[in-house]
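Source file: input.pdb. Holds: PDB, C-alpha atoms, pLDDT in the B column.
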```
ATOM      1  CA  MET G   1      25.051 -43.887 -47.123  1.00 53.00           C
ATOM      2  CA  SER G   2      28.609 -44.135 -48.483  1.00 74.00           C
ATOM      3  CA  LYS G   3      31.062 -46.479 -46.804  1.00 89.00           C
ATOM      4  CA  ILE G   4      33.866 -45.264 -44.562  1.00 96.00           C
ATOM      5  CA  ASN G   5      37.236 -45.422 -46.332  1.00 97.00           C
ATOM      6  CA  ILE G   6      40.131 -46.746 -44.269  1.00 97.00           C
ATOM      7  CA  LEU G   7      43.748 -46.809 -45.394  1.00 97.00           C
ATOM      8  CA  VAL G   8      45.743 -49.754 -44.036  1.00 96.00           C
ATOM      9  CA  VAL G   9      49.485 -49.365 -43.442  1.00 96.00           C
ATOM     10  CA  GLU G  10      51.085 -52.709 -42.532  1.00 94.00           C
ATOM     11  CA  ASP G  11      54.359 -54.236 -43.730  1.00 91.00           C
ATOM     12  CA  GLU G  12      53.516 -57.864 -42.902  1.00 91.00           C
ATOM     13  CA  SER G  13      51.477 -59.086 -45.868  1.00 91.00           C
ATOM     14  CA  ILE G  14      49.582 -61.808 -43.997  1.00 92.00           C
ATOM     15  CA  VAL G  15      48.602 -59.434 -41.202  1.00 92.00           C
ATOM     16  CA  ALA G  16      47.659 -56.751 -43.737  1.00 93.00           C
ATOM     17  CA  LYS G  17      45.375 -59.200 -45.556  1.00 95.00           C
ATOM     18  CA  ASP G  18      43.690 -60.218 -42.293  1.00 94.00           C
ATOM     19  CA  ILE G  19      43.082 -56.580 -41.368  1.00 95.00           C
ATOM     20  CA  GLN G  20      41.664 -55.841 -44.803  1.00 95.00           C
ATOM     21  CA  ASN G  21      39.285 -58.824 -44.589  1.00 95.00           C
ATOM     22  CA  SER G  22      38.172 -57.817 -41.095  1.00 95.00           C
ATOM     23  CA  LEU G  23      37.462 -54.252 -42.211  1.00 95.00           C
ATOM     24  CA  LYS G  24      35.412 -55.390 -45.193  1.00 95.00           C
ATOM     25  CA  LYS G  25      33.479 -57.799 -42.974  1.00 95.00           C
ATOM     26  CA  LEU G  26      32.704 -54.875 -40.643  1.00 95.00           C
ATOM     27  CA  GLY G  27      31.344 -52.844 -43.570  1.00 95.00           C
ATOM     28  CA  TYR G  28      34.283 -50.533 -44.243  1.00 96.00           C
ATOM     29  CA  ASN G  29      35.942 -49.837 -47.587  1.00 96.00           C
ATOM     30  CA  VAL G  30      39.734 -50.223 -47.979  1.00 96.00           C
ATOM     31  CA  PRO G  31      40.976 -48.028 -50.865  1.00 96.00           C
ATOM     32  CA  ALA G  32      44.602 -49.149 -50.422  1.00 96.00           C
ATOM     33  CA  VAL G  33      46.977 -51.298 -48.385  1.00 96.00           C
ATOM     34  CA  VAL G  34      50.581 -50.070 -48.236  1.00 96.00           C
ATOM     35  CA  ALA G  35      53.711 -51.292 -46.462  1.00 94.00           C
ATOM     36  CA  SER G  36      55.867 -48.205 -45.799  1.00 93.00           C
ATOM     37  CA  GLY G  37      55.662 -44.765 -44.240  1.00 93.00           C
ATOM     38  CA  GLU G  38      56.492 -43.087 -47.542  1.00 94.00           C
ATOM     39  CA  ALA G  39      53.728 -44.990 -49.329  1.00 95.00           C
ATOM     40  CA  ALA G  40      51.315 -44.186 -46.495  1.00 95.00           C
ATOM     41  CA  VAL G  41      51.791 -40.433 -46.904  1.00 95.00           C
ATOM     42  CA  ASP G  42      51.371 -40.707 -50.697  1.00 95.00           C
ATOM     43  CA  ALA G  43      48.296 -42.953 -50.436  1.00 96.00           C
ATOM     44  CA  ALA G  44      46.665 -40.691 -47.865  1.00 96.00           C
ATOM     45  CA  GLY G  45      47.121 -37.710 -50.175  1.00 95.00           C
ATOM     46  CA  GLU G  46      45.755 -39.639 -53.151  1.00 96.00           C
ATOM     47  CA  HIS G  47      42.741 -41.369 -51.566  1.00 96.00           C
ATOM     48  CA  LYS G  48      41.865 -38.911 -48.769  1.00 96.00           C
ATOM     49  CA  PRO G  49      40.594 -41.723 -46.499  1.00 97.00           C
ATOM     50  CA  ASP G  50      38.360 -41.106 -43.500  1.00 97.00           C
ATOM     51  CA  LEU G  51      40.866 -42.846 -41.215  1.00 97.00           C
ATOM     52  CA  VAL G  52      44.287 -44.518 -41.282  1.00 97.00           C
ATOM     53  CA  LEU G  53      45.234 -47.731 -39.478  1.00 96.00           C
ATOM     54  CA  MET G  54      48.984 -47.338 -39.052  1.00 95.00           C
ATOM     55  CA  ASP G  55      51.509 -49.958 -37.968  1.00 92.00           C
ATOM     56  CA  ILE G  56      54.163 -48.195 -35.894  1.00 90.00           C
ATOM     57  CA  MET G  57      57.115 -50.410 -36.818  1.00 85.00           C
ATOM     58  CA  LEU G  58      57.576 -50.055 -40.574  1.00 86.00           C
ATOM     59  CA  GLN G  59      60.469 -50.757 -42.908  1.00 80.00           C
ATOM     60  CA  GLY G  60      62.009 -47.769 -44.695  1.00 81.00           C
ATOM     61  CA  ASP G  61      63.201 -44.275 -43.854  1.00 86.00           C
ATOM     62  CA  ILE G  62      59.901 -43.071 -42.405  1.00 88.00           C
ATOM     63  CA  SER G  63      58.456 -44.801 -39.340  1.00 88.00           C
ATOM     64  CA  GLY G  64      54.750 -45.186 -38.747  1.00 91.00           C
ATOM     65  CA  ILE G  65      54.926 -42.419 -36.172  1.00 91.00           C
ATOM     66  CA  GLU G  66      56.597 -39.997 -38.601  1.00 92.00           C
ATOM     67  CA  ALA G  67      54.121 -40.901 -41.342  1.00 94.00           C
ATOM     68  CA  ALA G  68      51.184 -40.374 -38.982  1.00 93.00           C
ATOM     69  CA  ASN G  69      52.524 -36.961 -38.004  1.00 91.00           C
ATOM     70  CA  GLN G  70      52.795 -35.874 -41.641  1.00 93.00           C
ATOM     71  CA  ILE G  71      49.307 -37.154 -42.470  1.00 94.00           C
ATOM     72  CA  LYS G  72      47.804 -35.368 -39.481  1.00 88.00           C
ATOM     73  CA  SER G  73      49.520 -32.030 -40.156  1.00 87.00           C
ATOM     74  CA  GLN G  74      48.991 -32.022 -43.927  1.00 91.00           C
ATOM     75  CA  LEU G  75      45.579 -33.674 -44.295  1.00 92.00           C
ATOM     76  CA  ASP G  76      43.908 -33.681 -40.854  1.00 91.00           C
ATOM     77  CA  ILE G  77      43.051 -37.378 -41.123  1.00 95.00           C
ATOM     78  CA  PRO G  78      42.667 -39.338 -37.854  1.00 94.00           C
ATOM     79  CA  VAL G  79      45.169 -42.142 -37.244  1.00 95.00           C
ATOM     80  CA  ILE G  80      44.880 -45.281 -35.121  1.00 95.00           C
ATOM     81  CA  TYR G  81      48.110 -47.108 -34.367  1.00 94.00           C
ATOM     82  CA  LEU G  82      48.462 -50.860 -34.764  1.00 90.00           C
ATOM     83  CA  THR G  83      51.433 -52.468 -33.050  1.00 84.00           C
ATOM     84  CA  ALA G  84      52.712 -55.607 -31.398  1.00 81.00           C
ATOM     85  CA  TYR G  85      54.938 -53.425 -29.228  1.00 70.00           C
ATOM     86  CA  ALA G  86      53.532 -51.821 -26.100  1.00 64.00           C
ATOM     87  CA  ASP G  87      56.758 -50.735 -24.380  1.00 72.00           C
ATOM     88  CA  GLU G  88      56.909 -47.367 -22.655  1.00 78.00           C
ATOM     89  CA  SER G  89      59.395 -45.863 -25.111  1.00 77.00           C
ATOM     90  CA  THR G  90      57.174 -46.640 -28.107  1.00 75.00           C
ATOM     91  CA  LEU G  91      54.092 -45.340 -26.330  1.00 78.00           C
ATOM     92  CA  SER G  92      55.849 -42.090 -25.423  1.00 80.00           C
ATOM     93  CA  LYS G  93      56.869 -41.443 -29.035  1.00 80.00           C
ATOM     94  CA  ALA G  94      53.419 -42.336 -30.340  1.00 82.00           C
ATOM     95  CA  LYS G  95      51.569 -40.098 -27.859  1.00 84.00           C
ATOM     96  CA  VAL G  96      53.296 -36.990 -29.178  1.00 84.00           C
ATOM     97  CA  THR G  97      51.386 -37.347 -32.472  1.00 86.00           C
ATOM     98  CA  GLU G  98      48.054 -37.445 -30.586  1.00 88.00           C
ATOM     99  CA  PRO G  99      46.604 -40.576 -32.255  1.00 90.00           C
ATOM    100  CA  TYR G 100      42.897 -41.378 -32.080  1.00 92.00           C
ATOM    101  CA  GLY G 101      43.531 -44.894 -30.843  1.00 90.00           C
ATOM    102  CA  TYR G 102      46.145 -47.515 -30.077  1.00 89.00           C
ATOM    103  CA  ILE G 103      45.439 -51.190 -30.761  1.00 90.00           C
ATOM    104  CA  ILE G 104      47.758 -53.993 -29.655  1.00 86.00           C
ATOM    105  CA  LYS G 105      48.125 -56.929 -32.074  1.00 85.00           C
ATOM    106  CA  PRO G 106      46.654 -59.499 -32.141  1.00 86.00           C
ATOM    107  CA  PHE G 107      43.233 -57.941 -31.660  1.00 87.00           C
ATOM    108  CA  LYS G 108      39.585 -58.939 -31.979  1.00 90.00           C
ATOM    109  CA  GLU G 109      37.261 -57.542 -34.619  1.00 92.00           C
ATOM    110  CA  ILE G 110      35.072 -55.969 -31.939  1.00 93.00           C
ATOM    111  CA  ASP G 111      38.075 -54.028 -30.619  1.00 92.00           C
ATOM    112  CA  LEU G 112      38.908 -52.856 -34.129  1.00 94.00           C
ATOM    113  CA  HIS G 113      35.331 -51.783 -34.804  1.00 95.00           C
ATOM    114  CA  THR G 114      34.988 -49.943 -31.480  1.00 95.00           C
ATOM    115  CA  SER G 115      38.280 -48.079 -31.890  1.00 94.00           C
ATOM    116  CA  ILE G 116      37.414 -46.981 -35.426  1.00 96.00           C
ATOM    117  CA  GLU G 117      33.926 -45.735 -34.555  1.00 96.00           C
ATOM    118  CA  MET G 118      35.165 -43.838 -31.503  1.00 96.00           C
ATOM    119  CA  ALA G 119      37.978 -42.238 -33.508  1.00 95.00           C
ATOM    120  CA  LEU G 120      35.632 -41.147 -36.307  1.00 95.00           C
ATOM    121  CA  TYR G 121      33.154 -39.696 -33.813  1.00 95.00           C
ATOM    122  CA  LYS G 122      35.852 -37.802 -31.909  1.00 94.00           C
ATOM    123  CA  HIS G 123      37.363 -36.387 -35.104  1.00 93.00           C
ATOM    124  CA  ALA G 124      33.942 -35.278 -36.393  1.00 93.00           C
ATOM    125  CA  LYS G 125      33.196 -33.434 -33.140  1.00 90.00           C
ATOM    126  CA  GLU G 126      36.615 -31.765 -33.126  1.00 89.00           C
ATOM    127  CA  SER G 127      36.069 -30.640 -36.729  1.00 87.00           C
ATOM    128  CA  GLU G 128      32.713 -29.082 -35.789  1.00 83.00           C
ATOM    129  CA  VAL G 129      34.289 -27.151 -32.929  1.00 80.00           C
ATOM    130  CA  LYS G 130      37.103 -25.934 -35.183  1.00 77.00           C
ATOM    131  CA  LYS G 131      34.653 -24.718 -37.841  1.00 74.00           C
ATOM    132  CA  GLU G 132      32.615 -22.843 -35.232  1.00 69.00           C
ATOM    133  CA  ARG G 133      35.733 -21.316 -33.696  1.00 66.00           C
ATOM    134  CA  ASP G 134      37.005 -20.178 -37.101  1.00 63.00           C
ATOM    135  CA  LEU G 135      33.603 -18.714 -37.980  1.00 60.00           C
ATOM    136  CA  TYR G 136      33.320 -16.741 -34.760  1.00 58.00           C
ATOM    137  CA  SER G 137      36.893 -15.541 -35.036  1.00 56.00           C
ATOM    138  CA  SER G 138      36.330 -14.196 -38.543  1.00 49.00           C
ATOM    139  CA  ILE G 139      33.191 -12.365 -37.450  1.00 50.00           C
ATOM    140  CA  ILE G 140      34.744 -10.865 -34.335  1.00 55.00           C
ATOM    141  CA  THR G 141      37.679  -9.502 -36.338  1.00 48.00           C
ATOM    142  CA  ASP G 142      35.395  -7.847 -38.908  1.00 49.00           C
ATOM    143  CA  LYS G 143      36.771  -4.307 -39.221  1.00 52.00           C
ATOM    144  CA  ASN G 144      33.317  -3.015 -40.142  1.00 55.00           C
ATOM    145  CA  THR G 145      31.901  -3.847 -36.709  1.00 54.00           C
ATOM    146  CA  GLN G 146      34.295  -2.104 -34.322  1.00 63.00           C
ATOM    147  CA  ASP G 147      31.436  -1.179 -32.018  1.00 83.00           C
ATOM    148  CA  SER G 148      30.113  -4.735 -31.687  1.00 82.00           C
ATOM    149  CA  ILE G 149      30.937  -8.424 -31.676  1.00 80.00           C
ATOM    150  CA  PHE G 150      28.914 -11.490 -32.611  1.00 78.00           C
ATOM    151  CA  VAL G 151      28.459 -14.339 -30.156  1.00 78.00           C
ATOM    152  CA  LYS G 152      26.550 -17.610 -30.272  1.00 71.00           C
ATOM    153  CA  SER G 153      23.326 -17.764 -28.285  1.00 66.00           C
ATOM    154  CA  ASN G 154      20.675 -20.495 -28.709  1.00 65.00           C
ATOM    155  CA  SER G 155      22.112 -21.568 -32.082  1.00 66.00           C
ATOM    156  CA  ARG G 156      22.077 -17.980 -33.367  1.00 72.00           C
ATOM    157  CA  LEU G 157      24.772 -15.373 -33.831  1.00 77.00           C
ATOM    158  CA  VAL G 158      23.771 -12.400 -31.715  1.00 80.00           C
ATOM    159  CA  LYS G 159      25.191  -8.920 -32.166  1.00 83.00           C
ATOM    160  CA  VAL G 160      26.402  -7.479 -28.867  1.00 85.00           C
ATOM    161  CA  LYS G 161      27.439  -3.826 -28.657  1.00 88.00           C
ATOM    162  CA  THR G 162      30.741  -3.337 -26.853  1.00 89.00           C
ATOM    163  CA  ALA G 163      29.144  -0.394 -25.023  1.00 91.00           C
ATOM    164  CA  ASP G 164      26.822  -2.898 -23.322  1.00 91.00           C
ATOM    165  CA  LEU G 165      29.642  -5.112 -22.039  1.00 92.00           C
ATOM    166  CA  PHE G 166      30.506  -4.887 -18.356  1.00 93.00           C
ATOM    167  CA  TYR G 167      33.378  -7.351 -18.147  1.00 94.00           C
ATOM    168  CA  VAL G 168      34.920 -10.444 -19.721  1.00 94.00           C
ATOM    169  CA  GLU G 169      35.810 -13.457 -17.610  1.00 94.00           C
ATOM    170  CA  ALA G 170      38.163 -16.344 -18.454  1.00 93.00           C
ATOM    171  CA  LEU G 171      36.989 -19.946 -18.011  1.00 86.00           C
ATOM    172  CA  LYS G 172      39.559 -22.539 -19.182  1.00 79.00           C
ATOM    173  CA  ASP G 173      39.392 -22.569 -23.034  1.00 77.00           C
ATOM    174  CA  TYR G 174      36.426 -20.192 -23.104  1.00 85.00           C
ATOM    175  CA  VAL G 175      35.639 -16.610 -22.159  1.00 88.00           C
ATOM    176  CA  ILE G 176      32.328 -15.335 -20.776  1.00 89.00           C
ATOM    177  CA  LEU G 177      31.096 -11.902 -21.887  1.00 92.00           C
ATOM    178  CA  HIS G 178      28.868 -10.254 -19.287  1.00 92.00           C
ATOM    179  CA  THR G 179      26.274  -7.593 -20.073  1.00 90.00           C
ATOM    180  CA  ARG G 180      23.590  -6.146 -17.784  1.00 86.00           C
ATOM    181  CA  ASP G 181      20.951  -8.701 -18.798  1.00 85.00           C
ATOM    182  CA  ALA G 182      22.849 -11.642 -20.266  1.00 88.00           C
ATOM    183  CA  LYS G 183      26.114 -13.506 -20.530  1.00 87.00           C
ATOM    184  CA  TYR G 184      27.641 -15.219 -23.561  1.00 87.00           C
ATOM    185  CA  THR G 185      30.262 -17.937 -23.775  1.00 85.00           C
ATOM    186  CA  VAL G 186      32.796 -17.833 -26.614  1.00 81.00           C
ATOM    187  CA  HIS G 187      35.526 -20.344 -27.500  1.00 79.00           C
ATOM    188  CA  SER G 188      38.518 -18.002 -27.440  1.00 80.00           C
ATOM    189  CA  THR G 189      41.358 -16.699 -25.264  1.00 85.00           C
ATOM    190  CA  MET G 190      41.571 -13.569 -23.161  1.00 89.00           C
ATOM    191  CA  LYS G 191      44.492 -12.349 -25.253  1.00 89.00           C
ATOM    192  CA  ASP G 192      42.537 -12.713 -28.480  1.00 85.00           C
ATOM    193  CA  ILE G 193      39.378 -11.068 -27.121  1.00 87.00           C
ATOM    194  CA  TYR G 194      41.364  -8.191 -25.617  1.00 89.00           C
ATOM    195  CA  LYS G 195      42.862  -7.387 -29.029  1.00 86.00           C
ATOM    196  CA  LYS G 196      39.389  -7.119 -30.533  1.00 83.00           C
ATOM    197  CA  LEU G 197      37.876  -4.765 -27.952  1.00 89.00           C
ATOM    198  CA  PRO G 198      38.287  -0.957 -28.224  1.00 88.00           C
ATOM    199  CA  ALA G 199      41.537  -0.171 -26.386  1.00 88.00           C
ATOM    200  CA  ASN G 200      40.269   3.158 -25.009  1.00 89.00           C
ATOM    201  CA  ASP G 201      37.238   1.563 -23.385  1.00 92.00           C
ATOM    202  CA  PHE G 202      38.534  -1.744 -22.032  1.00 94.00           C
ATOM    203  CA  LEU G 203      41.413  -2.775 -19.801  1.00 94.00           C
ATOM    204  CA  ARG G 204      42.719  -6.100 -18.640  1.00 95.00           C
ATOM    205  CA  VAL G 205      42.988  -5.867 -14.862  1.00 95.00           C
ATOM    206  CA  HIS G 206      43.674  -9.508 -14.024  1.00 95.00           C
ATOM    207  CA  ARG G 207      44.746 -12.581 -15.951  1.00 93.00           C
ATOM    208  CA  SER G 208      41.112 -13.738 -15.749  1.00 95.00           C
ATOM    209  CA  TYR G 209      39.277 -10.408 -16.208  1.00 96.00           C
ATOM    210  CA  ILE G 210      38.861  -7.594 -18.717  1.00 96.00           C
ATOM    211  CA  VAL G 211      36.612  -4.682 -17.691  1.00 95.00           C
ATOM    212  CA  ARG G 212      34.891  -1.808 -19.451  1.00 94.00           C
ATOM    213  CA  LEU G 213      36.303   1.249 -17.696  1.00 93.00           C
ATOM    214  CA  ASP G 214      33.117   3.320 -17.648  1.00 93.00           C
ATOM    215  CA  LYS G 215      31.270   0.460 -15.894  1.00 93.00           C
ATOM    216  CA  ILE G 216      33.521   0.681 -12.815  1.00 92.00           C
ATOM    217  CA  THR G 217      31.738   2.424  -9.938  1.00 91.00           C
ATOM    218  CA  ALA G 218      34.328   2.069  -7.175  1.00 90.00           C
ATOM    219  CA  ILE G 219      37.755   0.730  -6.308  1.00 89.00           C
ATOM    220  CA  GLU G 220      37.895  -1.233  -3.073  1.00 87.00           C
ATOM    221  CA  HIS G 221      41.463  -2.453  -3.105  1.00 83.00           C
ATOM    222  CA  PRO G 222      42.238  -5.135  -4.131  1.00 89.00           C
ATOM    223  CA  ASN G 223      38.955  -5.195  -6.101  1.00 91.00           C
ATOM    224  CA  LEU G 224      36.932  -3.180  -8.579  1.00 93.00           C
ATOM    225  CA  VAL G 225      33.183  -2.779  -8.103  1.00 91.00           C
ATOM    226  CA  MET G 226      31.200  -3.021 -11.332  1.00 90.00           C
ATOM    227  CA  GLU G 227      28.061  -1.009 -12.108  1.00 85.00           C
ATOM    228  CA  GLU G 228      24.617  -2.583 -11.615  1.00 75.00           C
ATOM    229  CA  SER G 229      25.762  -6.116 -10.703  1.00 69.00           C
ATOM    230  CA  LYS G 230      28.061  -4.921  -7.901  1.00 75.00           C
ATOM    231  CA  LYS G 231      30.403  -7.643  -9.077  1.00 84.00           C
ATOM    232  CA  LEU G 232      33.843  -7.515  -7.431  1.00 91.00           C
ATOM    233  CA  ILE G 233      36.681  -7.890  -9.935  1.00 93.00           C
ATOM    234  CA  PRO G 234      40.129  -8.655  -8.483  1.00 94.00           C
ATOM    235  CA  ILE G 235      43.038  -6.430  -9.515  1.00 93.00           C
ATOM    236  CA  GLY G 236      46.129  -8.401 -10.494  1.00 92.00           C
ATOM    237  CA  GLY G 237      49.446  -7.108  -9.178  1.00 89.00           C
ATOM    238  CA  SER G 238      51.030  -6.830 -12.631  1.00 91.00           C
ATOM    239  CA  TYR G 239      48.037  -4.842 -13.948  1.00 91.00           C
ATOM    240  CA  LYS G 240      47.749  -2.342 -11.094  1.00 89.00           C
ATOM    241  CA  ASP G 241      50.024   0.369 -12.539  1.00 89.00           C
ATOM    242  CA  GLU G 242      48.250   0.501 -15.883  1.00 90.00           C
ATOM    243  CA  LEU G 243      44.874   0.652 -14.169  1.00 89.00           C
ATOM    244  CA  THR G 244      46.059   3.544 -11.995  1.00 87.00           C
ATOM    245  CA  SER G 245      47.329   5.402 -15.056  1.00 89.00           C
ATOM    246  CA  ARG G 246      43.867   5.283 -16.668  1.00 87.00           C
ATOM    247  CA  PHE G 247      42.133   7.210 -13.865  1.00 80.00           C
ATOM    248  CA  LYS G 248      42.437  10.613 -12.257  1.00 72.00           C
ATOM    249  CA  PHE G 249      42.664  10.605  -8.474  1.00 69.00           C
ATOM    250  CA  VAL G 250      42.157  13.561  -6.069  1.00 59.00           C
TER     251      VAL G 250
END
```

Please lay out the structure from this file as structure tokens.
Amino acid sequence: MSKINILVVEDESIVAKDIQNSLKKLGYNVPAVVASGEAAVDAAGEHKPDLVLMDIMLQGDISGIEAANQIKSQLDIPVIYLTAYADESTLSKAKVTEPYGYIIKPFKEIDLHTSIEMALYKHAKESEVKKERDLYSSIITDKNTQDSIFVKSNSRLVKVKTADLFYVEALKDYVILHTRDAKYTVHSTMKDIYKKLPANDFLRVHRSYIVRLDKITAIEHPNLVMEESKKLIPIGGSYKDELTSRFKFV
């Protein structure tokens, strides 16, 4: 198994050497040690390390925080901050870049090892989620499947016909698609899902609900009653007029 590559950014040579020795002792590889924010960005682009240990207070035009922000946005490499400063102002600036760790100098090797392993694990899991989300998004937007969408179920991608959908429900960063016999959870937003459903058949009736119009069996203000399940769907005040315009009343 190949070693983990860690870029060290530290402008105090003695401290940098100690960090490098500690990393090698822990079994990591150090492709480069640099002393400025500018050099950090260049080295990250050249070596593509698995992780960067970044001192916040660096000499030069680019601070450690600025360098970390560039590395994250351009290369998606996790960064752990190293600093002897733990004041509130520094912490506030550092938090904006969403680092994967924050180690106060001087530190023990066990703290260094733990922070690195946790950061690598977290980044790997986030990357998996992003790949899945991108995959599902590309499938859902396939113009050749207007009458269906693909959703993950038991590690498979299952084709679900939009005609079989009853309603879509929001749940934090996910949406749940309900059919007569099953429900599927997708990492998406209501806005994104709504764009991908046939406009003539579906309507958003609440910030947390999208319904298939022909599955509505009754309107019991302020709710809709859905076919089969008898599920009550609330009608949001800002959606009421559009809902009314989609039906004929006598």

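From atom CA of G:Val52 back to atom CA of G:Ile116, the distance works out to 9.4 Å.
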
Kindly provide the residues of stretch 217-248 of chain G that approach stretch 178-185 of chain G to within 12 Å, each paired with its closest atom pair and their distance in Å to one decimal, based on all atoms listed in the file, listed by chain and increasing number, as a tab-separated table.
```
residue	atom	partner	partner_atom	distance
G:Met226	CA	G:Arg180	CA	10.5
G:Glu227	CA	G:Arg180	CA	8.9
G:Glu228	CA	G:Arg180	CA	7.2
G:Ser229	CA	G:Arg180	CA	7.4
G:Lys230	CA	G:Arg180	CA	10.9
G:Lys231	CA	G:His178	CA	10.6
```

query = Interatomic distance between atom CA of G:Ile80 and atom CA of G:Leu53?
reply = 5.0 Å

inquiry  = Evaluate the PyMOL selection byres ((chain G and resi 15-23) around 10) against this structure - the residues, as JSON, numbers by chain, please.
reply    = {"G": [4, 5, 6, 7, 8, 9, 10, 11, 12, 13, 14, 24, 25, 26, 27, 28, 29, 30, 31, 32, 33, 34, 35, 53, 55, 105, 106, 107, 108, 109, 110, 112, 113, 116]}

Box dimensions and centre (Å, one decimal) enclosing stretch 56-64 of chain G, axis-aligned, 5 Å extra per side, as lines of an AutoDock Vina configuration file:
```
center_x = 58.7
center_y = -46.9
center_z = -40.3
size_x = 19.0
size_y = 17.7
size_z = 18.8
```

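For the set G:Lys93, G:Ala67, G:Ile103, G:Glu117, the residue with the smallest atom-to-atom gap to G:Tyr81 is G:Ile103, counting only C-alpha atoms.
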
message = Please enumerate the residues selected by the PyMOL selection byres ((chain G and resi 36-42) around 8) when evaluated against the supplied file, formatted as an MDAnalysis selection string.
response = chainID G and resid 9:11 34:35 43:46 58:64 66:68 70:71

Selected residues written out with C-alpha atoms, as a tab-separated table (two decimals), in the coordinates of the input:
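Just written: part.tsv:
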```
chain	number	residue	atom	x	y	z
G	9	VAL	CA	49.48	-49.36	-43.44
G	10	GLU	CA	51.08	-52.71	-42.53
G	11	ASP	CA	54.36	-54.24	-43.73
G	34	VAL	CA	50.58	-50.07	-48.24
G	35	ALA	CA	53.71	-51.29	-46.46
G	43	ALA	CA	48.30	-42.95	-50.44
G	44	ALA	CA	46.66	-40.69	-47.86
G	45	GLY	CA	47.12	-37.71	-50.18
G	46	GLU	CA	45.76	-39.64	-53.15
G	58	LEU	CA	57.58	-50.06	-40.57
G	59	GLN	CA	60.47	-50.76	-42.91
G	60	GLY	CA	62.01	-47.77	-44.70
G	61	ASP	CA	63.20	-44.28	-43.85
G	62	ILE	CA	59.90	-43.07	-42.40
G	63	SER	CA	58.46	-44.80	-39.34
G	64	GLY	CA	54.75	-45.19	-38.75
G	66	GLU	CA	56.60	-40.00	-38.60
G	67	ALA	CA	54.12	-40.90	-41.34
G	68	ALA	CA	51.18	-40.37	-38.98
G	70	GLN	CA	52.80	-35.87	-41.64
G	71	ILE	CA	49.31	-37.15	-42.47
```

inquiry  = Would you pick out the contacts of G:Tyr239 at 10 Å or less, using all atoms listed in the file, so that residues sharing its chain but fewer than 5 positions from it are not included, and give the list as number ranges by chain?
reply    = G: 203-207, 244

query = With only C-alpha atoms as the atoms that count, which of G:Thr114, G:Leu120, G:Ala84, G:Ala218 lies nearest to G:Pro49?
reply =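 Ranked by minimum distance to G:Pro49, first place goes to G:Leu120.
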
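You can rank G:Pro78, G:Tyr85, G:Ser2, G:Ser245 by their closest distance to G:Pro99 using all atoms listed in the file, and at the top of that list sits G:Pro78.
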
task = Within 7 Å of stretch 159-174 of chain G, counting only C-alpha atoms, which residues show up once you throw out same-chain ones fewer than 2 positions away? Write them as a count of residues only, please.
result = 22

query = So what do you get for atom CA of G:Val175 versus atom CA of G:Ile77, distance-wise?
reply = 29.1 Å

inquiry  = Restricting the calculation to all atoms listed in the file: of G:Ile216, G:Asn200, G:Leu75, G:Arg246, which residue gets closest to G:Ile233?
reply    = G:Ile216

Where atoms are missing, can you supply N, CA and C atoms for stretch 48-59 of chain G and output the lot as a short mmCIF file (atom, residue, chain, number, x, y, z; two decimals), in the frame of the given file?
```
data_model
loop_
_atom_site.label_atom_id
_atom_site.label_comp_id
_atom_site.auth_asym_id
_atom_site.auth_seq_id
_atom_site.Cartn_x
_atom_site.Cartn_y
_atom_site.Cartn_z
N LYS G 48 42.56 -39.70 -49.79
CA LYS G 48 41.86 -38.91 -48.77
C LYS G 48 40.92 -39.79 -47.94
N PRO G 49 41.46 -40.82 -47.28
CA PRO G 49 40.59 -41.72 -46.50
C PRO G 49 39.99 -41.02 -45.28
N ASP G 50 38.98 -41.65 -44.71
CA ASP G 50 38.36 -41.11 -43.50
C ASP G 50 39.21 -41.39 -42.27
N LEU G 51 40.04 -42.44 -42.35
CA LEU G 51 40.87 -42.85 -41.22
C LEU G 51 42.02 -43.71 -41.71
N VAL G 52 43.12 -43.70 -40.95
CA VAL G 52 44.29 -44.52 -41.28
C VAL G 52 44.59 -45.46 -40.13
N LEU G 53 44.74 -46.75 -40.45
CA LEU G 53 45.23 -47.73 -39.48
C LEU G 53 46.72 -47.88 -39.76
N MET G 54 47.55 -47.46 -38.82
CA MET G 54 48.98 -47.34 -39.05
C MET G 54 49.81 -48.24 -38.13
N ASP G 55 50.56 -49.17 -38.75
CA ASP G 55 51.51 -49.96 -37.97
C ASP G 55 52.68 -49.05 -37.59
N ILE G 56 53.09 -49.07 -36.35
CA ILE G 56 54.16 -48.20 -35.89
C ILE G 56 55.52 -48.61 -36.45
N MET G 57 55.80 -49.90 -36.39
CA MET G 57 57.12 -50.41 -36.82
C MET G 57 57.09 -50.77 -38.30
N LEU G 58 57.57 -49.86 -39.13
CA LEU G 58 57.58 -50.06 -40.57
C LEU G 58 59.00 -50.05 -41.12
N GLN G 59 59.19 -50.77 -42.22
CA GLN G 59 60.47 -50.76 -42.91
C GLN G 59 60.59 -49.46 -43.70
#
```
